[in-house]
Amino acid sequence: MDSAFALHRLHFAFTITFHYLFPQLTMGLALLIVVLKTMALRTGNPHYDRSARFWAKIFAINFGMGVVTGIPMEFQFGTNWARFSKAAGGVIGQTLAMEGVFSFFLESSFLGVFLLGEKRLGRIGHWFSAFAVFAGSWLSGYFIIATNAWMQHPVAYTLGPNGEILLSSFWGLLLNPWILWQYLHNMTGSVMTAAGVMASIGAFYLLSGKHTNYGRTFVRIGVIVGLISACLLAFPTGDGQGRNIARHQPVTLAAMEGLFETVEGAPMAIMGQPDLNNQKLDNPFLLPKVLSFITHQRWEAEVKGLNHFPRDQWPDNIPLLFYSFHIMVGLGTIFIALMALAALLLVLRRLDRTRPMLWALMLLLPFPYIANTAGWITAELGRQPWLIYGLMRTENGWSPHVSSGNTLFTLIGFMGMYLVLGILFLFLVRREIEHGPEQAPAGEVK
Amino acid sequence: MEVLWFALVAIMIAGYVVLDGFDMGAGIIHLYAARSERERRSIIASIGPVWDGNEVWLLAGGGTLYFAFPALYASSFSGFYLPLMMVLWLLILRGISIEFRNHLDSPTWKPLWDFVFTFASALLAIFFGAALGNVVRGVPLNPEGEFFLPLWTNFLPGTDAGILDWYTILVGVFAFATLTLHGALWVWYRTEGPVQERSRRIAWWALAAVTVCMVVTTIASWSVQPQIPASFARYPLGYIFPLLAIAGLAGIPFYLLRGRELMAFLHSCLFIVGMLTSAAFGIFPYVLPSNAPTHLGLTVYAAAAPAYGLRVGLMWWIPGMLLAVGYTAFVYHRFAGKIRLEGEQEGYGTY
């Protein structure tokens, strides 16, 4: 592999992975803030207003990080992936430009109003500004998923005489059948992150005996929303997305599952290490026939293994694809079990006294982030070796005039910059958590 | 259709420069115009609720450029690789310096971010100016419409020029002076007391610098890019754009003397729009001229996306931008008026 090509890939992978740590919280948290503001409106209890104010501060820090790390994403399509942009810009530029025009203006305008105008706007007006931020961020998610969905499953295009890609149907692009499950799965994942963070910080307050009123509220909302989203992540959204892949990217499915040979009644591997040299899965832990059932709804259905496909169609990093998929699914399963148990304790009114469960909830914090990241690695590695599935290979999409030296220079620059940003971010968020919701009266401007 | 989209993209870029330009200019003068913590907070407060929205114009403009002129987007972004990446780093530094500074009361924390804010704002103004200079001067496009430029070579705007040569540096200095003026007029409009007085003094100095730079840059552009005199000779109606710029520039001292704050700021906006549209008109029909044999330059027709995409784009772009202008107006209206820190006691804000 050309080293410039590898560096361009790493450049995008690094910057997008870091970037997506922030939107995955803010999209879900925007929904939870609307929930808190709604509870405040309905009960008239200032407890919920203070809770919303606390989370708005966490939101603002994350949003700022999301904005500054997001700007490089749009630029990189042109800087590092010029051949791809030239070929496909007329199609995916539509959805990316719509994101800017329809969601970023909405989101940024109302975020300023939401953060600074609680008294000026009145209760209903302030609820509405929170809702506008939520709507803007979820709309933004839609346009990004529409862009990615087109790369996973290109539709609504024709090829010109010189092989250029021409948009042929605007609504076809926006209503790509791939979007539905990918969008719902992704957004549910984002809600899972926000619910996990809320439950985790609530559990931290309860365990350390600080701000316990708020701790109880946060744990309650986090566990209820967390259980709902964990279940929805598995079914129907994860299942739907899996069937999309089984149908349209069968070689990806085989790679994700580490299935080398085509078999009837294919087993599902819970663990194992793909061994490309000997074309088998080492140390497998198999559930017999399950893979056939979940992909084809028949226990004896045939599932195509990797060997059925020419080698140049295989995803180019099968072990990492296998691991990231299994990390996502494994964590998702753990979330369902943990949240169900916590919800049971909540119903029995014993959750605040069950310290082991509070410990588990507190330590949950990083895992939804890991699961979401692993999910995106699965989606993006699974698409390989294609940049646009079936249309343009990744090795044909990068900027040939940008040398490996220049790419490494900026990659190191971004790594250094993001290390500093990450440290500052943790420092500031830790301070807000330490101060807690009580320290944020409506009158204070810092 | 291609020409219409060229105009729309030019308007979005002009909108970005006018809007983010004033908060960048506010950043440039921040360290000098505001001395105490209270004074600095008043400058930050004047841009706090709007700077993020202003930056969205860059993203929306970039996105529009992307789908309407994919070949231009691909060619210029990869060709100007290094300076664009540095612009991204500066945008990141500047964004976090505004976001983070008020989180902590400490004698080391705030001065650090104040310095970063001024440093990043100043460099961004120069970089954006140099970028414009590169587009006007032209780049060594190959027959596939691609190029790559090193940061500098011999500092001469010839065929083997780098990103930085005397001409593009000149445009960078011009942009720096223009945004300093623009920001000073904004701060003059939004603040009161000593900050306002200092920003008025800065505005006068910057005005003198802008006037000198404008004359020198205009003459230089005329000789560096032969397409410019050709364009104006062919369509003399185009002189309306430089005339707009001159009207804007003339209005600034007029209103500055009379203390009409908003009018002076608006004339600065007019000046910027006039200069940018003059440049766009001057290089038309090229969107990225070549600095060698002219026929290799990228024209608006060659760079544009196919007709269908441009047509449907208009269907959502017009209502979308009307909405966006609506939100922007709403926010500016909400946060209008002089910054008075006593009266600002509300919200969860960190500004």
# chains A, B, ... in the order shown; residues from 1 in each chain; ligands from 1

$ interface_residues --of "chain A" --to "chain B" --cutoff "6 Å" --atoms "only C-alpha atoms" --output "list of chain:residue names"
A:Val68, A:Gly78, A:Thr79, A:Ala82, A:Ser85, A:Lys86, A:Gly89, A:Gly90, A:Gly93, A:Gln94, A:Leu96, A:Ala97, A:Gly100, A:Val101, A:Phe102, A:Phe105, A:Ser108, A:Ser109, A:Gly112, A:Leu115, A:Leu116, A:Gly117, A:Glu118, A:His401, A:Ala442, A:Gly443, A:Val445, A:Lys446

$ residues_around --residues "Leu156 in chain B" --least-positions-apart "3" --cutoff "12 Å" --atoms "only C-alpha atoms" --output "number ranges by chain"
B: 134, 137, 152-153, 159-170, 224, 291

$ write_last_selection --atoms "N, CA, C and O atoms" --output "PDB file, in the first residue's frame"
ATOM      1  N   ASN B 134      -3.781  34.330  -3.665  1.00  0.00           N
ATOM      2  CA  ASN B 134      -3.430  33.187  -4.503  1.00  0.00           C
ATOM      3  C   ASN B 134      -4.451  32.939  -5.594  1.00  0.00           C
ATOM      4  O   ASN B 134      -4.099  32.619  -6.726  1.00  0.00           O
ATOM      5  N   ARG B 137      -3.988  35.695  -8.179  1.00  0.00           N
ATOM      6  CA  ARG B 137      -2.757  35.555  -8.943  1.00  0.00           C
ATOM      7  C   ARG B 137      -2.797  34.353  -9.871  1.00  0.00           C
ATOM      8  O   ARG B 137      -2.271  34.369 -10.981  1.00  0.00           O
ATOM      9  N   TRP B 152       6.312  28.534   0.284  1.00  0.00           N
ATOM     10  CA  TRP B 152       6.967  29.636  -0.394  1.00  0.00           C
ATOM     11  C   TRP B 152       8.078  29.094  -1.276  1.00  0.00           C
ATOM     12  O   TRP B 152       8.581  27.993  -1.059  1.00  0.00           O
ATOM     13  N   THR B 153       8.465  29.867  -2.273  1.00  0.00           N
ATOM     14  CA  THR B 153       9.627  29.512  -3.091  1.00  0.00           C
ATOM     15  C   THR B 153      10.576  30.710  -3.082  1.00  0.00           C
ATOM     16  O   THR B 153      11.348  30.874  -2.153  1.00  0.00           O
ATOM     17  N   THR B 159       5.765  32.063 -12.448  1.00  0.00           N
ATOM     18  CA  THR B 159       5.144  30.764 -12.710  1.00  0.00           C
ATOM     19  C   THR B 159       5.544  29.715 -11.675  1.00  0.00           C
ATOM     20  O   THR B 159       4.869  28.716 -11.531  1.00  0.00           O
ATOM     21  N   ASP B 160       6.667  29.919 -10.979  1.00  0.00           N
ATOM     22  CA  ASP B 160       7.001  28.940  -9.943  1.00  0.00           C
ATOM     23  C   ASP B 160       6.791  29.527  -8.550  1.00  0.00           C
ATOM     24  O   ASP B 160       7.541  29.277  -7.623  1.00  0.00           O
ATOM     25  N   ALA B 161       5.728  30.302  -8.414  1.00  0.00           N
ATOM     26  CA  ALA B 161       5.438  30.934  -7.129  1.00  0.00           C
ATOM     27  C   ALA B 161       5.020  29.905  -6.091  1.00  0.00           C
ATOM     28  O   ALA B 161       4.543  28.828  -6.427  1.00  0.00           O
ATOM     29  N   GLY B 162       5.215  30.254  -4.825  1.00  0.00           N
ATOM     30  CA  GLY B 162       4.653  29.472  -3.736  1.00  0.00           C
ATOM     31  C   GLY B 162       3.378  30.154  -3.267  1.00  0.00           C
ATOM     32  O   GLY B 162       2.881  31.091  -3.897  1.00  0.00           O
ATOM     33  N   ILE B 163       2.856  29.647  -2.127  1.00  0.00           N
ATOM     34  CA  ILE B 163       1.656  30.282  -1.572  1.00  0.00           C
ATOM     35  C   ILE B 163       1.985  31.738  -1.219  1.00  0.00           C
ATOM     36  O   ILE B 163       1.192  32.643  -1.456  1.00  0.00           O
ATOM     37  N   LEU B 164       3.142  31.919  -0.604  1.00  0.00           N
ATOM     38  CA  LEU B 164       3.512  33.262  -0.178  1.00  0.00           C
ATOM     39  C   LEU B 164       4.507  33.862  -1.171  1.00  0.00           C
ATOM     40  O   LEU B 164       5.572  33.313  -1.419  1.00  0.00           O
ATOM     41  N   ASP B 165       4.124  34.977  -1.778  1.00  0.00           N
ATOM     42  CA  ASP B 165       5.075  35.783  -2.543  1.00  0.00           C
ATOM     43  C   ASP B 165       4.752  37.221  -2.193  1.00  0.00           C
ATOM     44  O   ASP B 165       3.848  37.465  -1.383  1.00  0.00           O
ATOM     45  N   TRP B 166       5.459  38.178  -2.757  1.00  0.00           N
ATOM     46  CA  TRP B 166       5.196  39.543  -2.273  1.00  0.00           C
ATOM     47  C   TRP B 166       3.763  39.971  -2.527  1.00  0.00           C
ATOM     48  O   TRP B 166       3.166  40.679  -1.735  1.00  0.00           O
ATOM     49  N   TYR B 167       3.186  39.463  -3.618  1.00  0.00           N
ATOM     50  CA  TYR B 167       1.814  39.891  -3.917  1.00  0.00           C
ATOM     51  C   TYR B 167       0.814  39.319  -2.909  1.00  0.00           C
ATOM     52  O   TYR B 167      -0.017  40.047  -2.356  1.00  0.00           O
ATOM     53  N   THR B 168       0.910  38.002  -2.655  1.00  0.00           N
ATOM     54  CA  THR B 168      -0.071  37.412  -1.743  1.00  0.00           C
ATOM     55  C   THR B 168       0.137  37.912  -0.307  1.00  0.00           C
ATOM     56  O   THR B 168      -0.823  38.075   0.444  1.00  0.00           O
ATOM     57  N   ILE B 169       1.387  38.196   0.040  1.00  0.00           N
ATOM     58  CA  ILE B 169       1.628  38.772   1.376  1.00  0.00           C
ATOM     59  C   ILE B 169       0.992  40.156   1.459  1.00  0.00           C
ATOM     60  O   ILE B 169       0.370  40.516   2.470  1.00  0.00           O
ATOM     61  N   LEU B 170       1.109  40.893   0.358  1.00  0.00           N
ATOM     62  CA  LEU B 170       0.490  42.225   0.320  1.00  0.00           C
ATOM     63  C   LEU B 170      -1.016  42.114   0.545  1.00  0.00           C
ATOM     64  O   LEU B 170      -1.595  42.865   1.341  1.00  0.00           O
ATOM     65  N   VAL B 224      -0.463  41.901 -11.879  1.00  0.00           N
ATOM     66  CA  VAL B 224      -0.185  40.479 -11.647  1.00  0.00           C
ATOM     67  C   VAL B 224      -1.162  39.602 -12.428  1.00  0.00           C
ATOM     68  O   VAL B 224      -0.791  38.571 -12.980  1.00  0.00           O
ATOM     69  N   ASN B 291      -1.472  30.579 -13.370  1.00  0.00           N
ATOM     70  CA  ASN B 291      -0.470  31.640 -13.439  1.00  0.00           C
ATOM     71  C   ASN B 291       0.500  31.399 -14.591  1.00  0.00           C
ATOM     72  O   ASN B 291       1.470  32.104 -14.747  1.00  0.00           O
TER      73      ASN B 291
END

$ select_by_dssp --residues "range 114-331 of chain A" --states "helix (DSSP H, G or I)" --output "MDAnalysis selection string"
chainID A and resid 114:116 118:152 170:174 179:207 212:248 250:257 290:296 306:308 311:313 318:331

$ closest_residue --among "A:Gly397, A:Pro250, A:Gly70, A:Gly209" --to "Phe84 in chain A" --atoms "only C-alpha atoms"
A:Gly397

$ atom_distance --atom1 "CA of Val420 in chain A" --atom2 "CA of Val197 in chain A"
22.4 Å

$ residues_around --residues "Ser36 in chain B" --least-positions-apart "4" --cutoff "12 Å" --atoms "only C-alpha atoms" --output "PDB file with all heavy atoms, in the first residue's frame"
ATOM      1  N   HIS B  30      -8.332  43.065  20.488  1.00  0.00           N
ATOM      2  CA  HIS B  30      -8.718  42.712  21.851  1.00  0.00           C
ATOM      3  C   HIS B  30      -7.658  43.087  22.904  1.00  0.00           C
ATOM      4  O   HIS B  30      -7.946  43.790  23.868  1.00  0.00           O
ATOM      5  CB  HIS B  30      -8.966  41.202  21.845  1.00  0.00           C
ATOM      6  CG  HIS B  30      -9.351  40.603  23.144  1.00  0.00           C
ATOM      7  ND1 HIS B  30     -10.505  40.951  23.794  1.00  0.00           N
ATOM      8  CD2 HIS B  30      -8.750  39.658  23.901  1.00  0.00           C
ATOM      9  CE1 HIS B  30     -10.579  40.249  24.904  1.00  0.00           C
ATOM     10  NE2 HIS B  30      -9.542  39.451  24.994  1.00  0.00           N
ATOM     11  N   LEU B  31      -6.411  42.662  22.688  1.00  0.00           N
ATOM     12  CA  LEU B  31      -5.380  42.874  23.715  1.00  0.00           C
ATOM     13  C   LEU B  31      -5.105  44.346  23.939  1.00  0.00           C
ATOM     14  O   LEU B  31      -4.856  44.778  25.049  1.00  0.00           O
ATOM     15  CB  LEU B  31      -4.075  42.171  23.308  1.00  0.00           C
ATOM     16  CG  LEU B  31      -3.993  40.670  23.543  1.00  0.00           C
ATOM     17  CD1 LEU B  31      -2.602  40.181  23.193  1.00  0.00           C
ATOM     18  CD2 LEU B  31      -4.325  40.315  24.977  1.00  0.00           C
ATOM     19  N   TYR B  32      -5.162  45.121  22.851  1.00  0.00           N
ATOM     20  CA  TYR B  32      -4.827  46.531  22.975  1.00  0.00           C
ATOM     21  C   TYR B  32      -6.029  47.358  23.422  1.00  0.00           C
ATOM     22  O   TYR B  32      -5.909  48.224  24.292  1.00  0.00           O
ATOM     23  CB  TYR B  32      -4.285  47.053  21.639  1.00  0.00           C
ATOM     24  CG  TYR B  32      -3.998  48.522  21.667  1.00  0.00           C
ATOM     25  CD1 TYR B  32      -2.826  48.995  22.263  1.00  0.00           C
ATOM     26  CD2 TYR B  32      -4.899  49.433  21.141  1.00  0.00           C
ATOM     27  CE1 TYR B  32      -2.564  50.355  22.324  1.00  0.00           C
ATOM     28  CE2 TYR B  32      -4.644  50.795  21.195  1.00  0.00           C
ATOM     29  CZ  TYR B  32      -3.478  51.253  21.789  1.00  0.00           C
ATOM     30  OH  TYR B  32      -3.233  52.589  21.854  1.00  0.00           O
ATOM     31  N   ARG B  40     -12.192  43.437  28.872  1.00  0.00           N
ATOM     32  CA  ARG B  40     -12.062  42.292  27.958  1.00  0.00           C
ATOM     33  C   ARG B  40     -13.357  41.513  27.889  1.00  0.00           C
ATOM     34  O   ARG B  40     -13.758  41.042  26.833  1.00  0.00           O
ATOM     35  CB  ARG B  40     -10.910  41.391  28.402  1.00  0.00           C
ATOM     36  CG  ARG B  40      -9.614  42.084  28.114  1.00  0.00           C
ATOM     37  CD  ARG B  40      -8.421  41.209  28.132  1.00  0.00           C
ATOM     38  NE  ARG B  40      -7.288  42.047  27.753  1.00  0.00           N
ATOM     39  CZ  ARG B  40      -6.039  41.786  28.028  1.00  0.00           C
ATOM     40  NH1 ARG B  40      -5.726  40.684  28.668  1.00  0.00           N
ATOM     41  NH2 ARG B  40      -5.082  42.601  27.647  1.00  0.00           N
ATOM     42  N   ARG B  41     -13.996  41.381  29.047  1.00  0.00           N
ATOM     43  CA  ARG B  41     -15.253  40.646  29.014  1.00  0.00           C
ATOM     44  C   ARG B  41     -16.283  41.344  28.148  1.00  0.00           C
ATOM     45  O   ARG B  41     -17.123  40.704  27.534  1.00  0.00           O
ATOM     46  CB  ARG B  41     -15.792  40.443  30.424  1.00  0.00           C
ATOM     47  CG  ARG B  41     -15.486  39.034  30.887  1.00  0.00           C
ATOM     48  CD  ARG B  41     -15.981  38.740  32.257  1.00  0.00           C
ATOM     49  NE  ARG B  41     -17.305  39.282  32.539  1.00  0.00           N
ATOM     50  CZ  ARG B  41     -17.768  39.425  33.759  1.00  0.00           C
ATOM     51  NH1 ARG B  41     -17.028  39.083  34.781  1.00  0.00           N
ATOM     52  NH2 ARG B  41     -18.970  39.902  33.963  1.00  0.00           N
ATOM     53  N   SER B  42     -16.217  42.668  28.087  1.00  0.00           N
ATOM     54  CA  SER B  42     -17.231  43.349  27.279  1.00  0.00           C
ATOM     55  C   SER B  42     -16.994  43.094  25.794  1.00  0.00           C
ATOM     56  O   SER B  42     -17.939  42.945  25.027  1.00  0.00           O
ATOM     57  CB  SER B  42     -17.273  44.843  27.600  1.00  0.00           C
ATOM     58  OG  SER B  42     -16.098  45.456  27.126  1.00  0.00           O
ATOM     59  N   ILE B  43     -15.732  42.984  25.372  1.00  0.00           N
ATOM     60  CA  ILE B  43     -15.491  42.649  23.968  1.00  0.00           C
ATOM     61  C   ILE B  43     -15.957  41.228  23.676  1.00  0.00           C
ATOM     62  O   ILE B  43     -16.643  40.964  22.692  1.00  0.00           O
ATOM     63  CB  ILE B  43     -14.000  42.825  23.605  1.00  0.00           C
ATOM     64  CG1 ILE B  43     -13.652  44.312  23.590  1.00  0.00           C
ATOM     65  CG2 ILE B  43     -13.706  42.197  22.242  1.00  0.00           C
ATOM     66  CD1 ILE B  43     -12.293  44.615  23.012  1.00  0.00           C
ATOM     67  N   PRO B 107      -5.098  34.043  37.274  1.00  0.00           N
ATOM     68  CA  PRO B 107      -4.218  35.041  36.646  1.00  0.00           C
ATOM     69  C   PRO B 107      -3.357  34.458  35.526  1.00  0.00           C
ATOM     70  O   PRO B 107      -2.675  35.200  34.830  1.00  0.00           O
ATOM     71  CB  PRO B 107      -3.340  35.513  37.806  1.00  0.00           C
ATOM     72  CG  PRO B 107      -3.467  34.487  38.857  1.00  0.00           C
ATOM     73  CD  PRO B 107      -4.770  33.803  38.673  1.00  0.00           C
ATOM     74  N   LYS B 110      -6.719  33.237  31.993  1.00  0.00           N
ATOM     75  CA  LYS B 110      -7.344  34.192  31.074  1.00  0.00           C
ATOM     76  C   LYS B 110      -6.355  34.897  30.162  1.00  0.00           C
ATOM     77  O   LYS B 110      -6.605  35.010  28.966  1.00  0.00           O
ATOM     78  CB  LYS B 110      -8.192  35.192  31.860  1.00  0.00           C
ATOM     79  CG  LYS B 110      -9.456  34.540  32.348  1.00  0.00           C
ATOM     80  CD  LYS B 110     -10.408  35.503  32.983  1.00  0.00           C
ATOM     81  CE  LYS B 110     -11.729  34.780  33.222  1.00  0.00           C
ATOM     82  NZ  LYS B 110     -12.671  35.604  33.970  1.00  0.00           N
ATOM     83  N   PRO B 111      -5.212  35.376  30.697  1.00  0.00           N
ATOM     84  CA  PRO B 111      -4.255  36.023  29.787  1.00  0.00           C
ATOM     85  C   PRO B 111      -3.779  35.082  28.690  1.00  0.00           C
ATOM     86  O   PRO B 111      -3.571  35.507  27.548  1.00  0.00           O
ATOM     87  CB  PRO B 111      -3.093  36.415  30.705  1.00  0.00           C
ATOM     88  CG  PRO B 111      -3.700  36.505  32.036  1.00  0.00           C
ATOM     89  CD  PRO B 111      -4.801  35.499  32.076  1.00  0.00           C
ATOM     90  N   ASP B 114      -6.548  35.014  26.138  1.00  0.00           N
ATOM     91  CA  ASP B 114      -6.628  36.315  25.467  1.00  0.00           C
ATOM     92  C   ASP B 114      -5.538  36.437  24.416  1.00  0.00           C
ATOM     93  O   ASP B 114      -5.766  36.918  23.303  1.00  0.00           O
ATOM     94  CB  ASP B 114      -6.490  37.452  26.486  1.00  0.00           C
ATOM     95  CG  ASP B 114      -7.757  37.611  27.308  1.00  0.00           C
ATOM     96  OD1 ASP B 114      -8.820  37.159  26.828  1.00  0.00           O
ATOM     97  OD2 ASP B 114      -7.682  38.163  28.417  1.00  0.00           O
ATOM     98  N   PRO B 194     -13.885  53.532  27.964  1.00  0.00           N
ATOM     99  CA  PRO B 194     -12.510  53.534  27.441  1.00  0.00           C
ATOM    100  C   PRO B 194     -12.306  52.556  26.287  1.00  0.00           C
ATOM    101  O   PRO B 194     -11.528  52.841  25.369  1.00  0.00           O
ATOM    102  CB  PRO B 194     -11.661  53.103  28.638  1.00  0.00           C
ATOM    103  CG  PRO B 194     -12.560  53.005  29.801  1.00  0.00           C
ATOM    104  CD  PRO B 194     -13.953  53.223  29.385  1.00  0.00           C
ATOM    105  N   VAL B 195     -12.996  51.422  26.300  1.00  0.00           N
ATOM    106  CA  VAL B 195     -12.838  50.465  25.210  1.00  0.00           C
ATOM    107  C   VAL B 195     -13.290  51.097  23.908  1.00  0.00           C
ATOM    108  O   VAL B 195     -12.640  50.995  22.858  1.00  0.00           O
ATOM    109  CB  VAL B 195     -13.648  49.183  25.492  1.00  0.00           C
ATOM    110  CG1 VAL B 195     -13.489  48.205  24.342  1.00  0.00           C
ATOM    111  CG2 VAL B 195     -13.208  48.555  26.785  1.00  0.00           C
TER     112      VAL B 195
END

$ residues_around --residues "range 295-299 of chain A" --least-positions-apart "4" --cutoff "12 Å" --atoms "only C-alpha atoms" --output "MDAnalysis selection string"
chainID A and resid 238:248 250 253:254 257 263:268 287:291 303:304
